[in-house]
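Asks: File query_17.cif below, mmCIF, C-alpha atoms:
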data_start
#
loop_
_atom_site.group_PDB
_atom_site.id
_atom_site.type_symbol
_atom_site.label_atom_id
_atom_site.label_comp_id
_atom_site.auth_asym_id
_atom_site.auth_seq_id
_atom_site.Cartn_x
_atom_site.Cartn_y
_atom_site.Cartn_z
ATOM 1 C CA MET A 18 -3.197 2.681 -23.838
ATOM 2 C CA ASN A 19 -0.871 3.524 -20.949
ATOM 3 C CA ASN A 20 -3.538 2.583 -18.419
ATOM 4 C CA PHE A 21 -4.978 -0.398 -20.285
ATOM 5 C CA VAL A 22 -2.959 -3.046 -18.459
ATOM 6 C CA GLU A 23 -3.734 -1.418 -15.112
ATOM 7 C CA THR A 24 -7.418 -1.583 -16.081
ATOM 8 C CA CYS A 25 -6.970 -5.275 -16.909
ATOM 9 C CA ASN A 26 -5.397 -5.928 -13.521
ATOM 10 C CA ARG A 27 -8.241 -4.192 -11.683
ATOM 11 C CA ILE A 28 -10.912 -6.070 -13.648
ATOM 12 C CA PHE A 29 -9.150 -9.425 -13.322
ATOM 13 C CA HIS A 30 -8.767 -9.068 -9.567
ATOM 14 C CA SER A 31 -12.398 -7.998 -9.261
ATOM 15 C CA ALA A 32 -13.652 -10.996 -11.259
ATOM 16 C CA VAL A 33 -11.689 -13.481 -9.126
ATOM 17 C CA ALA A 34 -12.895 -11.819 -5.931
ATOM 18 C CA ASP A 35 -16.510 -11.789 -7.153
ATOM 19 C CA TYR A 36 -16.365 -15.495 -7.953
ATOM 20 C CA HIS A 37 -15.184 -16.286 -4.452
ATOM 21 C CA LYS A 38 -18.181 -14.536 -2.902
ATOM 22 C CA THR A 39 -20.014 -17.796 -3.632
ATOM 23 C CA ASP A 40 -17.032 -20.011 -4.533
ATOM 24 C CA HIS A 41 -19.245 -22.272 -6.611
ATOM 25 C CA VAL A 42 -18.672 -23.361 -10.205
ATOM 26 C CA ASP A 43 -22.366 -23.004 -11.034
ATOM 27 C CA ALA A 44 -22.775 -19.497 -9.648
ATOM 28 C CA PRO A 45 -24.032 -17.069 -12.319
ATOM 29 C CA MET A 46 -21.644 -14.415 -13.558
ATOM 30 C CA ILE A 47 -22.938 -10.954 -12.663
ATOM 31 C CA CYS A 48 -20.691 -8.626 -14.624
ATOM 32 C CA PRO A 49 -20.711 -4.917 -13.715
ATOM 33 C CA PHE A 50 -19.792 -3.894 -17.267
ATOM 34 C CA ARG A 51 -21.892 -3.418 -20.389
ATOM 35 C CA GLU A 52 -22.051 -6.508 -22.574
ATOM 36 C CA GLY A 53 -20.150 -5.890 -25.793
ATOM 37 C CA SER A 54 -17.569 -3.658 -24.143
ATOM 38 C CA ILE A 55 -13.906 -4.602 -23.830
ATOM 39 C CA GLU A 56 -14.311 -4.405 -20.057
ATOM 40 C CA PHE A 57 -17.084 -7.009 -20.197
ATOM 41 C CA ASP A 58 -14.894 -9.339 -22.243
ATOM 42 C CA LEU A 59 -11.971 -8.949 -19.834
ATOM 43 C CA TYR A 60 -14.184 -9.687 -16.822
ATOM 44 C CA HIS A 61 -15.814 -12.654 -18.581
ATOM 45 C CA LYS A 62 -12.363 -13.997 -19.506
ATOM 46 C CA THR A 63 -11.213 -14.153 -15.888
ATOM 47 C CA TRP A 64 -14.541 -15.550 -14.708
ATOM 48 C CA ILE A 65 -14.056 -18.448 -17.137
ATOM 49 C CA ASP A 66 -10.496 -18.946 -15.906
ATOM 50 C CA THR A 67 -11.597 -18.997 -12.275
ATOM 51 C CA VAL A 68 -14.449 -21.451 -12.815
ATOM 52 C CA GLN A 69 -12.162 -23.714 -14.815
ATOM 53 C CA TRP A 70 -9.521 -23.606 -12.060
ATOM 54 C CA HIS A 71 -12.082 -25.053 -9.672
ATOM 55 C CA LEU A 72 -13.346 -27.605 -12.181
ATOM 56 C CA GLU A 73 -9.757 -28.818 -12.529
ATOM 57 C CA ASP A 74 -9.651 -29.231 -8.725
ATOM 58 C CA ILE A 75 -12.924 -31.155 -8.648
ATOM 59 C CA ILE A 76 -12.016 -33.586 -11.406
ATOM 60 C CA ARG A 77 -8.888 -34.639 -9.488
ATOM 61 C CA ASP A 78 -10.923 -35.969 -6.586
ATOM 62 C CA PRO A 79 -9.860 -39.667 -6.391
ATOM 63 C CA GLN A 80 -13.380 -40.586 -5.226
ATOM 64 C CA ILE A 81 -15.188 -38.890 -8.107
ATOM 65 C CA ALA A 82 -17.662 -41.059 -10.000
ATOM 66 C CA PRO A 83 -16.548 -41.828 -13.583
ATOM 67 C CA LEU A 84 -19.661 -40.341 -15.194
ATOM 68 C CA GLU A 85 -19.304 -37.161 -13.169
ATOM 69 C CA ALA A 86 -15.645 -36.923 -14.149
ATOM 70 C CA LEU A 87 -16.570 -37.338 -17.812
ATOM 71 C CA ALA A 88 -19.211 -34.621 -17.543
ATOM 72 C CA ILE A 89 -16.704 -32.245 -15.948
ATOM 73 C CA LYS A 90 -14.054 -33.091 -18.567
ATOM 74 C CA ARG A 91 -16.503 -32.187 -21.307
ATOM 75 C CA ARG A 92 -17.403 -29.021 -19.439
ATOM 76 C CA ILE A 93 -13.692 -28.118 -19.274
ATOM 77 C CA ASP A 94 -13.371 -28.770 -23.013
ATOM 78 C CA HIS A 95 -16.305 -26.444 -23.662
ATOM 79 C CA SER A 96 -14.779 -23.865 -21.331
ATOM 80 C CA ASN A 97 -11.483 -23.994 -23.223
ATOM 81 C CA GLN A 98 -13.250 -23.360 -26.506
ATOM 82 C CA GLU A 99 -15.227 -20.499 -24.972
ATOM 83 C CA ARG A 100 -11.977 -19.059 -23.602
ATOM 84 C CA THR A 101 -10.308 -19.287 -27.020
ATOM 85 C CA ASP A 102 -13.249 -17.571 -28.721
ATOM 86 C CA LEU A 103 -13.180 -14.816 -26.133
ATOM 87 C CA VAL A 104 -9.431 -14.227 -26.448
ATOM 88 C CA GLU A 105 -9.814 -13.955 -30.194
ATOM 89 C CA ARG A 106 -12.593 -11.398 -29.712
ATOM 90 C CA ILE A 107 -10.241 -9.367 -27.508
ATOM 91 C CA ASP A 108 -7.603 -9.633 -30.227
ATOM 92 C CA SER A 109 -10.128 -8.182 -32.671
ATOM 93 C CA TYR A 110 -10.305 -5.147 -30.392
ATOM 94 C CA PHE A 111 -6.530 -4.680 -30.669
ATOM 95 C CA TRP A 112 -6.581 -5.332 -34.402
ATOM 96 C CA GLU A 113 -9.100 -2.562 -34.922
ATOM 97 C CA LYS A 114 -6.964 -0.227 -32.837
ATOM 98 C CA TYR A 115 -3.533 -0.914 -34.282
ATOM 99 C CA HIS A 116 -3.682 -2.506 -37.739
ATOM 100 C CA THR A 117 -3.623 0.878 -39.484
ATOM 101 C CA VAL A 118 -0.474 2.044 -37.672
ATOM 102 C CA THR A 119 2.389 2.442 -40.153
ATOM 103 C CA PRO A 120 5.225 0.143 -39.026
ATOM 104 C CA GLN A 121 8.678 1.618 -38.591
ATOM 105 C CA PRO A 122 11.378 0.301 -40.971
ATOM 106 C CA GLU A 123 12.855 -1.946 -38.289
ATOM 107 C CA ALA A 124 9.501 -3.049 -36.843
ATOM 108 C CA ARG A 125 9.390 -6.563 -35.458
ATOM 109 C CA ILE A 126 6.692 -9.214 -35.175
ATOM 110 C CA ASN A 127 5.789 -10.517 -31.729
ATOM 111 C CA THR A 128 5.611 -14.246 -30.947
ATOM 112 C CA GLU A 129 2.032 -13.964 -29.681
ATOM 113 C CA SER A 130 -0.866 -11.607 -30.135
ATOM 114 C CA PRO A 131 -1.679 -9.094 -27.366
ATOM 115 C CA ALA A 132 -4.823 -10.913 -26.227
ATOM 116 C CA TRP A 133 -2.935 -14.160 -25.629
ATOM 117 C CA ALA A 134 -0.459 -12.268 -23.474
ATOM 118 C CA ILE A 135 -3.410 -10.809 -21.572
ATOM 119 C CA ASP A 136 -4.836 -14.336 -21.288
ATOM 120 C CA ARG A 137 -1.730 -15.344 -19.349
ATOM 121 C CA LEU A 138 -2.057 -12.257 -17.155
ATOM 122 C CA SER A 139 -5.646 -13.216 -16.339
ATOM 123 C CA ILE A 140 -4.653 -16.754 -15.371
ATOM 124 C CA LEU A 141 -1.849 -15.349 -13.233
ATOM 125 C CA HIS A 142 -4.439 -13.435 -11.193
ATOM 126 C CA VAL A 143 -6.243 -16.724 -10.525
ATOM 127 C CA LYS A 144 -2.977 -18.378 -9.457
ATOM 128 C CA LEU A 145 -2.119 -15.493 -7.147
ATOM 129 C CA TRP A 146 -5.487 -15.617 -5.424
ATOM 130 C CA HIS A 147 -5.225 -19.312 -4.702
ATOM 131 C CA MET A 148 -1.587 -19.218 -3.628
ATOM 132 C CA GLN A 149 -2.502 -16.422 -1.221
ATOM 133 C CA GLU A 150 -5.182 -18.742 0.182
ATOM 134 C CA GLN A 151 -2.525 -21.377 0.772
ATOM 135 C CA VAL A 152 -0.256 -18.918 2.545
ATOM 136 C CA GLU A 153 -3.114 -17.948 4.875
ATOM 137 C CA ARG A 154 -3.920 -21.544 5.901
ATOM 138 C CA THR A 155 -3.431 -22.350 9.562
ATOM 139 C CA ASP A 156 -3.699 -26.144 9.235
ATOM 140 C CA VAL A 157 -0.336 -26.732 7.539
ATOM 141 C CA SER A 158 3.241 -27.118 8.682
ATOM 142 C CA ALA A 159 5.650 -24.196 8.825
ATOM 143 C CA GLU A 160 7.612 -25.836 6.016
ATOM 144 C CA GLN A 161 4.598 -25.949 3.692
ATOM 145 C CA HIS A 162 3.677 -22.378 4.618
ATOM 146 C CA ASP A 163 7.177 -21.180 3.750
ATOM 147 C CA LYS A 164 7.148 -23.017 0.418
ATOM 148 C CA CYS A 165 3.844 -21.414 -0.515
ATOM 149 C CA ALA A 166 5.061 -17.990 0.620
ATOM 150 C CA ALA A 167 8.115 -18.367 -1.622
ATOM 151 C CA LYS A 168 5.905 -19.350 -4.569
ATOM 152 C CA LEU A 169 3.624 -16.397 -3.882
ATOM 153 C CA ALA A 170 6.591 -14.027 -3.991
ATOM 154 C CA ILE A 171 7.590 -15.437 -7.391
ATOM 155 C CA LEU A 172 4.042 -15.027 -8.716
ATOM 156 C CA GLN A 173 3.967 -11.434 -7.480
ATOM 157 C CA GLU A 174 7.251 -10.726 -9.235
ATOM 158 C CA GLN A 175 5.895 -12.338 -12.386
ATOM 159 C CA MET A 176 2.794 -10.150 -12.125
ATOM 160 C CA GLY A 177 4.938 -7.028 -12.116
ATOM 161 C CA ASP A 178 7.047 -8.264 -15.018
ATOM 162 C CA MET A 179 4.035 -9.276 -17.112
ATOM 163 C CA THR A 180 2.277 -5.989 -16.447
ATOM 164 C CA THR A 181 5.352 -4.096 -17.614
ATOM 165 C CA SER A 182 5.992 -6.278 -20.658
ATOM 166 C CA ILE A 183 2.390 -6.108 -21.908
ATOM 167 C CA ARG A 184 2.352 -2.342 -21.414
ATOM 168 C CA GLN A 185 5.567 -2.093 -23.437
ATOM 169 C CA LEU A 186 4.139 -4.373 -26.118
ATOM 170 C CA LEU A 187 1.069 -2.176 -26.553
ATOM 171 C CA GLU A 188 3.262 0.920 -26.656
ATOM 172 C CA ASP A 189 5.313 -0.720 -29.410
ATOM 173 C CA TYR A 190 2.177 -1.429 -31.434
ATOM 174 C CA GLU A 191 1.004 2.146 -30.982
ATOM 175 C CA SER A 192 4.348 3.595 -32.085
ATOM 176 C CA GLY A 193 4.894 1.180 -34.964
ATOM 177 C CA LYS A 194 7.870 -0.582 -33.385
ATOM 178 C CA ARG A 195 5.983 -3.864 -33.748
ATOM 179 C CA ILE A 196 3.720 -5.034 -36.532
ATOM 180 C CA MET A 197 0.173 -5.873 -35.514
ATOM 181 C CA LYS A 198 -0.678 -9.398 -36.645
ATOM 182 C CA VAL A 199 -3.329 -11.765 -35.318
ATOM 183 C CA TYR A 200 -3.438 -15.502 -35.931
ATOM 184 C CA ARG A 201 -6.528 -17.490 -35.054
ATOM 185 C CA GLN A 202 -6.144 -20.752 -33.142
ATOM 186 C CA MET A 203 -8.037 -22.819 -35.735
ATOM 187 C CA LYS A 204 -8.629 -25.641 -33.266
ATOM 188 C CA MET A 205 -9.867 -28.687 -35.115
ATOM 189 C CA TYR A 206 -11.045 -31.150 -32.475
ATOM 190 C CA ASN A 207 -14.232 -29.223 -31.649
ATOM 191 C CA ASP A 208 -15.207 -28.842 -35.310
ATOM 192 C CA PRO A 209 -17.398 -31.758 -36.493
ATOM 193 C CA THR A 210 -16.218 -31.127 -40.070
ATOM 194 C CA LEU A 211 -12.501 -31.352 -39.184
ATOM 195 C CA ASN A 212 -12.254 -33.923 -36.379
ATOM 196 C CA PRO A 213 -12.130 -37.371 -38.094
ATOM 197 C CA VAL A 214 -13.660 -39.093 -35.044
ATOM 198 C CA LEU A 215 -16.706 -36.867 -35.506
ATOM 199 C CA TYR A 216 -17.094 -36.611 -39.281
ATOM 200 C CA LYS A 217 -16.447 -40.331 -39.883
ATOM 201 C CA THR A 218 -19.319 -41.256 -37.569
ATOM 202 C CA LYS A 219 -21.868 -38.992 -39.297
ATOM 203 C CA GLY A 220 -24.635 -40.637 -41.182
#
If you convert what's in this file into structure tokens, what do you get?
Replies:
Amino acid sequence: MNNFVETCNRIFHSAVADYHKTDHVDAPMICPFREGSIEFDLYHKTWIDTVQWHLEDIIRDPQIAPLEALAIKRRIDHSNQERTDLVERIDSYFWEKYHTVTPQPEARINTESPAWAIDRLSILHVKLWHMQEQVERTDVSAEQHDKCAAKLAILQEQMGDMTTSIRQLLEDYESGKRIMKVYRQMKMYNDPTLNPVLYKTKG
């Protein structure tokens, strides 16, 4: 797994770059990887993140029509659920790989599963891309440019730190220094049997 995080970084960057070839929230995803593979899921994950980034921009337009805003809000809600389902599928990949590893006597439990850490790495790629865009703008003041450049430097540092920490986390799972556990999100508001606003209006 030494190269897994590097593979993630390459795929994440590629997905963000591919989205911006059209830069349109309704552009179809054309993934270069086989559906069902971990690479496909990683690419799909960042595509969702990138589309949602732009939906969040659109919905903040002060001139947006209320019905359009509502439609986009519901699209974002659907996107969040799709993202959660996808992260949990990636966690299943790690579970299959590591759950049979015998933990060392002093093994610890991590605060989050590996796929949720990778989720944050994916979103960081989206942030980096867009902060780089801001740094390259020529229609802003020197002060704004410098602020964005400083933020970009922080994001780049965070990218290095996250890459290292996730690599170390996976190494710890592989060696038994950490215990592999996966908790599902169990979100209730999208479930018509668990959200009282939905199940009380049935029938």
Asks: I'd like the neighbourhood of A:Asp40 as a PyMOL selection string, where a residue qualifies if any of its atoms comes within 12 Å (using all atoms listed in the file), though same-chain residues fewer than 3 positions away should be ignored.
Replies: chain A and resi 32-37+43-46+64+67-72+147
Asks: Could you list, as number ranges by chain, every residue matched by the PyMOL selection byres ((chain A and resi 112-121) around 10) in this structure?
Replies: A: 106-111, 122-125, 130-131, 187, 189-199
Asks: Give me, as a PyMOL selection string, all polymer residues having an atom no more than 12 Å from stretch 157-171 of chain A, counting only C-alpha atoms and skipping those fewer than 3 positions away in the same chain.
Replies: chain A and resi 141-154+174-178
Asks: Evaluate the PyMOL selection byres ((chain A and resi 93) around 12) against this structure - the residues, as a list in words, please.
Replies: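 Evaluating the PyMOL selection byres ((chain A and resi 93) around 12) on these coordinates yields Val42, Ile65, Asp66, Thr67, Val68, Gln69, Trp70, His71, Leu72, Glu73, Asp74, Ile75, Ile76, Ala86, Leu87, Ala88, Ile89, Lys90, Arg91, Arg92, Asp94, His95, Ser96, Asn97, Gln98, Glu99 and Arg100 of chain A.
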Asks: So how far away is atom CA of A:Gln173 from atom CA of A:Glu56, in Å?
Replies: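 Computed distance, atom CA of A:Glu56 to atom CA of A:Gln173, equals 23.3 Å.
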Asks: Separation of atom CA of A:Leu138 and atom CA of A:Asp78, in Å?
Replies: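 Atom-to-atom, atom CA of A:Leu138 to atom CA of A:Asp78, that is 27.4 Å.
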Asks: Kindly give the distance, in Å, that separates atom CA of A:Tyr60 and atom CA of A:Arg137, rounded to a single decimal.
Replies: 13.9 Å
Asks: Find the smallest box with edges along x, y and z containing every listed atom of stretch 90-109 of chain A, then add 5 Å on each side and report centre and edge lengths in Å to one decimal, as AutoDock Vina command-line options.
Replies:
--center_x -12.5 --center_y -20.6 --center_z -25.6 --size_x 19.8 --size_y 34.9 --size_z 24.1
Asks: Taking into account only C-alpha atoms, which residue in the set A:Glu105, A:Glu23, A:Asp208, A:Glu85 is nearest to A:Trp133?
Replies: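 Closest to A:Trp133, using only C-alpha atoms: A:Glu105.
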